[in-house]
Amino acid sequence: MTAAVHPKRPSFLAPPRDPNEVTLAQTKQWPGTVLWVDARSESEFASEHVTDAICLNFENWTEQFPKFLDRYNPGQRVVVYCSATSCQLSREIADKLRASGVEDAYFLEGGWEAWQQQNHP
Amino acid sequence: MRLSLLLSLFLAIPAFAQLKWDTTEQTLKPKPGDREIVATYRFTNTGTTAITIDNVHTSCGCTTAALTRNDYAPGESGQIVARMDIGNRTGHQEKSIVVTTRQNPKSPTVLRLLTDIPQPVVMKPTFVMWALGESPNPKTINIKVTDGFAVKLLKVDSDNPDIKVEVSEIHPGVELEVKITPKDTSRPEMATLLVRTDYPTDNPQTYYAYVKVK
């Protein structure tokens with residue numbers, strides 16, 4: 001079991017990559033402004049977050065989704081992140097955004113941890 | 001001679017502690033109206049020494065994991081009961097519970113809870129937008145009750161009279177088509193559509209859709 005979740009496991013054990021998962025490097029290649037969504041708790045968001053990100057998760061969806069729409073423009077790419085690779089929230093929130101009509105909603109590989117490691121502002 | 005050989009062989013067998021799990025992954029499907037999902041993970045200490053579970057950590061604040069006690073002698077069994085609060089969650093969900101023992105702290109067991117949570121009412125899309133100056137052609141939101149849910153769609157209200165809303169019943173109480181037209185797209189406008197239902201009976205839910213001119 002440990003081997004299956006080890007970050008350096010052999011690639012042949014890796015599950016197929018989700019087509020909606022993106023890396024930071026990929027997002028940097030995109031034209032236009034990415035709208036970042038932080039799916040972590042409000043307290044984690046308050047402590048630190050990607051610049052200009054909006055806090056949106058299952059707990060605050062009803063009050064925060066209208067605020068998300070204030071910032072969102074159709075056709076814009078949206079990238080959701082949570083704590084790290086092991087958290088599933090970013091994928092779940094990206095799924096919910098797409099189900100709501102946000103076509104280009106993706107989730108960040110490695111989450112906030114990856115963002116910090118790459119020394120982004 | 002034989003005795004000393006047997007004794008040395010016995011001493012050469014290392015004592016070990018090991019938890020054997022009935023299953024480490026469960027896929028559960030909640031029924032309409034369920035507010036939580038409960039999964040039980042049973043285990044047995046199949047090792048030769050006692051084992052202590054030091055930590056049970058869940059990947060989501062929505063999930064709790066309860067362990068009745070921490071210490072298990074060889075041959076003893078126990079269970080961890082995971083409860084996931086459904087809340088506003090919908091769709092495919094994957095939660096993990098990491099179990100760490102004192103004897104093997106660097107090799108935790110990862111238990112997984114997989115589920116697909118159906119949404120009682122599905123709106124496609126949940127918002128419509130017009131850009132400023134865009135032709136104010138109508139846009140449509142389809143609202144439908146998911147099979148298996150005893151929900152009746154009662155009515156749709158708009159909180160902005162400048163956004164025209166026409167509701168057509170495709171299947172009365174079960175499926176609606178809402179045509180939305182802004183009177184004017186030369187200035188920013190917004191409206192919230194309130195989709196009222198009779199479900200659940202003790203606390204009927206209102207669903208929200210959003211209209212924006214921006």
# chains A, B, ... in the order shown; residues from 1 in each chain; ligands from 1
>>> residues_around(residues="Arg102 in chain B", least_positions_apart="4", cutoff="9 Å", atoms="only C-alpha atoms", output="PyMOL selection string")
chain B and resi 51-55
>>> interface_residues(of="chain A", to="chain B", cutoff="8 Å", atoms="only C-alpha atoms", output="list of chain:residue names")
A:Met1, A:Thr2, A:Phe58, A:Glu59, A:Trp61, A:Pro66, A:Pro74, A:Ser86, A:Cys87, A:Gln88, A:Glu92, A:Asp95, A:Lys96, A:Ala99, A:Ser100, A:Gly101
>>> residues_around(residues="Gly75 in chain A", least_positions_apart="6", cutoff="9 Å", atoms="only C-alpha atoms", output="short mmCIF file (atom, residue, chain, number, x, y, z; two decimals) with all heavy atoms, in the first residue's frame")
data_model
loop_
_atom_site.label_atom_id
_atom_site.label_comp_id
_atom_site.auth_asym_id
_atom_site.auth_seq_id
_atom_site.Cartn_x
_atom_site.Cartn_y
_atom_site.Cartn_z
N VAL A 102 -18.79 26.07 -15.82
CA VAL A 102 -17.45 26.65 -16.02
C VAL A 102 -16.64 25.62 -16.81
O VAL A 102 -16.13 24.65 -16.26
CB VAL A 102 -16.76 26.97 -14.67
CG1 VAL A 102 -15.36 27.53 -14.90
CG2 VAL A 102 -17.60 27.94 -13.87
N GLU A 103 -16.56 25.83 -18.12
CA GLU A 103 -16.03 24.77 -18.98
C GLU A 103 -14.55 24.48 -18.74
O GLU A 103 -14.13 23.33 -18.70
CB GLU A 103 -16.26 25.14 -20.45
CG GLU A 103 -17.72 25.04 -20.83
CD GLU A 103 -17.99 25.57 -22.22
OE1 GLU A 103 -17.04 25.93 -22.93
OE2 GLU A 103 -19.18 25.62 -22.58
N ASP A 104 -13.75 25.52 -18.58
CA ASP A 104 -12.30 25.33 -18.48
C ASP A 104 -11.84 25.34 -17.03
O ASP A 104 -11.06 26.21 -16.62
CB ASP A 104 -11.57 26.41 -19.28
CG ASP A 104 -11.79 26.24 -20.78
OD1 ASP A 104 -11.83 25.09 -21.23
OD2 ASP A 104 -11.94 27.26 -21.47
#
>>> residues_around(residues="Asp34 in chain B", least_positions_apart="4", cutoff="12 Å", atoms="only C-alpha atoms", output="list in words")
Leu28, Lys29, Pro30, Val38, Arg83, Met84, Asp85, Ile86, Gly87, Asn88, Arg89, Ile117, Pro118, Gln119, Pro120, Phe149 and Pro200 of chain B
>>> atom_distance(atom1="CA of Lys155 in chain B", atom2="CA of Glu134 in chain B")
28.6 Å
>>> select_by_dssp(residues="range 78-156 of chain B", states="strand (DSSP E or B)", output="count of residues only")
47
>>> atom_distance(atom1="CA of Asn104 in chain B", atom2="CA of Ser83 in chain A")
25.5 Å
>>> atom_distance(atom1="CA of Asp38 in chain A", atom2="CA of Ala191 in chain B")
25.2 Å
>>> residues_around(residues="range 66-70 of chain B", least_positions_apart="3", cutoff="12 Å", atoms="only C-alpha atoms", output="PyMOL selection string")
chain B and resi 38-43+45+50-58+63+73+76-84+97+99-102
>>> write_last_selection(atoms="C-alpha atoms", output="tab-separated table (two decimals), in the first residue's frame")
chain	number	residue	atom	x	y	z
B	38	VAL	CA	-20.48	5.31	7.09
B	39	ALA	CA	-17.73	2.83	6.24
B	40	THR	CA	-16.31	0.22	8.61
B	41	TYR	CA	-12.80	-1.11	8.13
B	42	ARG	CA	-12.09	-4.29	10.10
B	43	PHE	CA	-8.64	-5.57	10.94
B	45	ASN	CA	-3.45	-8.36	14.43
B	50	ALA	CA	0.92	-6.62	20.40
B	51	ILE	CA	0.31	-3.65	18.17
B	52	THR	CA	-0.62	-0.08	19.04
B	53	ILE	CA	-2.45	2.24	16.67
B	54	ASP	CA	-1.00	5.64	17.42
B	55	ASN	CA	-2.75	7.82	14.89
B	56	VAL	CA	-5.76	7.80	12.57
B	57	HIS	CA	-5.80	10.80	10.27
B	58	THR	CA	-8.45	11.67	7.68
B	63	THR	CA	-14.66	12.83	7.53
B	73	ALA	CA	-2.86	-8.36	21.18
B	76	GLU	CA	-7.28	-9.64	18.30
B	77	SER	CA	-9.55	-7.80	15.90
B	78	GLY	CA	-10.86	-4.28	15.82
B	79	GLN	CA	-12.42	-1.76	13.49
B	80	ILE	CA	-12.27	1.82	12.38
B	81	VAL	CA	-15.57	3.50	11.60
B	82	ALA	CA	-15.30	6.37	9.13
B	83	ARG	CA	-18.15	8.84	8.80
B	84	MET	CA	-18.30	11.30	5.96
B	97	ILE	CA	-7.83	7.59	6.26
B	99	VAL	CA	-3.56	4.63	10.02
B	100	THR	CA	-0.16	4.69	11.74
B	101	THR	CA	1.05	2.08	14.22
B	102	ARG	CA	3.79	2.48	16.81
>>> residues_around(residues="Gln76 in chain A", least_positions_apart="3", cutoff="9 Å", atoms="only C-alpha atoms", output="PDB file with C-alpha atoms, in the first residue's frame")
ATOM      1  CA  GLY A  32      -4.739  35.314 -20.599  1.00  0.00           C
ATOM      2  CA  THR A  33      -5.291  35.494 -16.889  1.00  0.00           C
ATOM      3  CA  VAL A  34      -5.880  32.336 -14.902  1.00  0.00           C
ATOM      4  CA  LEU A  35      -8.498  32.564 -12.181  1.00  0.00           C
ATOM      5  CA  TYR A  72     -15.050  34.928 -13.810  1.00  0.00           C
ATOM      6  CA  ASN A  73     -15.439  35.623 -17.510  1.00  0.00           C
ATOM      7  CA  VAL A 102     -17.447  26.647 -16.022  1.00  0.00           C
ATOM      8  CA  GLU A 103     -16.031  24.768 -18.982  1.00  0.00           C
ATOM      9  CA  ASP A 104     -12.295  25.334 -18.481  1.00  0.00           C
ATOM     10  CA  ALA A 105     -11.914  24.295 -14.845  1.00  0.00           C
TER      11      ALA A 105
END
>>> closest_residue(among="B:Pro188, B:Asp71, B:Glu36, B:Ile143", to="Asp162 in chain B", atoms="only C-alpha atoms")
B:Pro188
>>> decode(residues="range 71-158 of chain B", atoms="C-alpha atoms", output="tab-separated table (two decimals), in the first residue's frame")
chain	number	residue	atom	x	y	z
B	71	ASP	CA	-3.88	-1.68	21.66
B	72	TYR	CA	-4.42	-5.10	20.04
B	73	ALA	CA	-2.86	-8.36	21.18
B	74	PRO	CA	-1.90	-11.05	18.64
B	75	GLY	CA	-5.08	-12.51	17.13
B	76	GLU	CA	-7.28	-9.64	18.30
B	77	SER	CA	-9.55	-7.80	15.90
B	78	GLY	CA	-10.86	-4.28	15.82
B	79	GLN	CA	-12.42	-1.76	13.49
B	80	ILE	CA	-12.27	1.82	12.38
B	81	VAL	CA	-15.57	3.50	11.60
B	82	ALA	CA	-15.30	6.37	9.13
B	83	ARG	CA	-18.15	8.84	8.80
B	84	MET	CA	-18.30	11.30	5.96
B	85	ASP	CA	-20.65	14.26	6.25
B	86	ILE	CA	-22.32	14.73	2.86
B	87	GLY	CA	-23.15	18.43	3.37
B	88	ASN	CA	-23.07	20.22	0.00
B	89	ARG	CA	-20.89	17.56	-1.56
B	90	THR	CA	-21.95	16.06	-4.86
B	91	GLY	CA	-20.37	13.87	-7.50
B	92	HIS	CA	-17.37	11.59	-7.20
B	93	GLN	CA	-15.57	11.81	-3.86
B	94	GLU	CA	-12.44	10.05	-2.66
B	95	LYS	CA	-11.41	10.29	0.98
B	96	SER	CA	-8.49	8.63	2.68
B	97	ILE	CA	-7.83	7.59	6.26
B	98	VAL	CA	-4.18	7.11	7.20
B	99	VAL	CA	-3.56	4.63	10.02
B	100	THR	CA	-0.16	4.69	11.74
B	101	THR	CA	1.05	2.08	14.22
B	102	ARG	CA	3.79	2.48	16.81
B	103	GLN	CA	5.50	-0.65	15.49
B	104	ASN	CA	5.61	0.49	11.82
B	105	PRO	CA	5.39	4.30	11.96
B	106	LYS	CA	7.00	4.71	8.54
B	107	SER	CA	4.58	2.35	6.80
B	108	PRO	CA	1.09	3.68	7.44
B	109	THR	CA	-1.94	1.97	5.97
B	110	VAL	CA	-4.08	4.14	3.71
B	111	LEU	CA	-7.78	3.29	3.80
B	112	ARG	CA	-9.88	4.70	1.00
B	113	LEU	CA	-13.54	5.65	0.89
B	114	LEU	CA	-14.98	6.19	-2.57
B	115	THR	CA	-18.46	7.42	-3.31
B	116	ASP	CA	-20.63	9.13	-5.87
B	117	ILE	CA	-23.09	11.48	-4.25
B	118	PRO	CA	-26.13	12.21	-6.39
B	119	GLN	CA	-27.56	15.71	-6.50
B	120	PRO	CA	-31.34	15.85	-5.87
B	121	VAL	CA	-31.77	18.68	-8.38
B	122	VAL	CA	-29.47	19.29	-11.34
B	123	MET	CA	-29.32	22.67	-13.07
B	124	LYS	CA	-27.50	23.02	-16.35
B	125	PRO	CA	-25.90	25.48	-16.26
B	126	THR	CA	-26.17	27.15	-12.84
B	127	PHE	CA	-25.43	30.58	-14.31
B	128	VAL	CA	-25.86	32.56	-17.51
B	129	MET	CA	-23.87	35.62	-18.51
B	130	TRP	CA	-23.99	38.37	-21.09
B	131	ALA	CA	-21.08	40.65	-21.85
B	132	LEU	CA	-21.83	44.36	-21.72
B	133	GLY	CA	-23.28	45.41	-25.07
B	134	GLU	CA	-23.95	41.81	-26.14
B	135	SER	CA	-27.24	41.23	-27.91
B	136	PRO	CA	-29.80	40.38	-25.19
B	137	ASN	CA	-30.84	37.08	-26.73
B	138	PRO	CA	-32.46	34.69	-24.26
B	139	LYS	CA	-30.38	32.00	-22.57
B	140	THR	CA	-31.76	28.84	-21.01
B	141	ILE	CA	-31.24	26.92	-17.79
B	142	ASN	CA	-32.61	23.37	-17.55
B	143	ILE	CA	-33.65	22.23	-14.08
B	144	LYS	CA	-34.30	18.54	-13.48
B	145	VAL	CA	-34.98	16.29	-10.49
B	146	THR	CA	-32.62	13.31	-10.35
B	147	ASP	CA	-34.28	9.89	-10.64
B	148	GLY	CA	-34.97	8.35	-7.25
B	149	PHE	CA	-35.48	11.63	-5.42
B	150	ALA	CA	-39.01	12.53	-4.30
B	151	VAL	CA	-38.52	16.22	-5.07
B	152	LYS	CA	-41.14	18.52	-6.52
B	153	LEU	CA	-39.97	21.71	-8.22
B	154	LEU	CA	-42.44	24.32	-6.94
B	155	LYS	CA	-41.48	27.59	-8.57
B	156	VAL	CA	-38.68	29.81	-9.79
B	157	ASP	CA	-38.41	33.41	-8.54
B	158	SER	CA	-36.09	36.15	-9.70
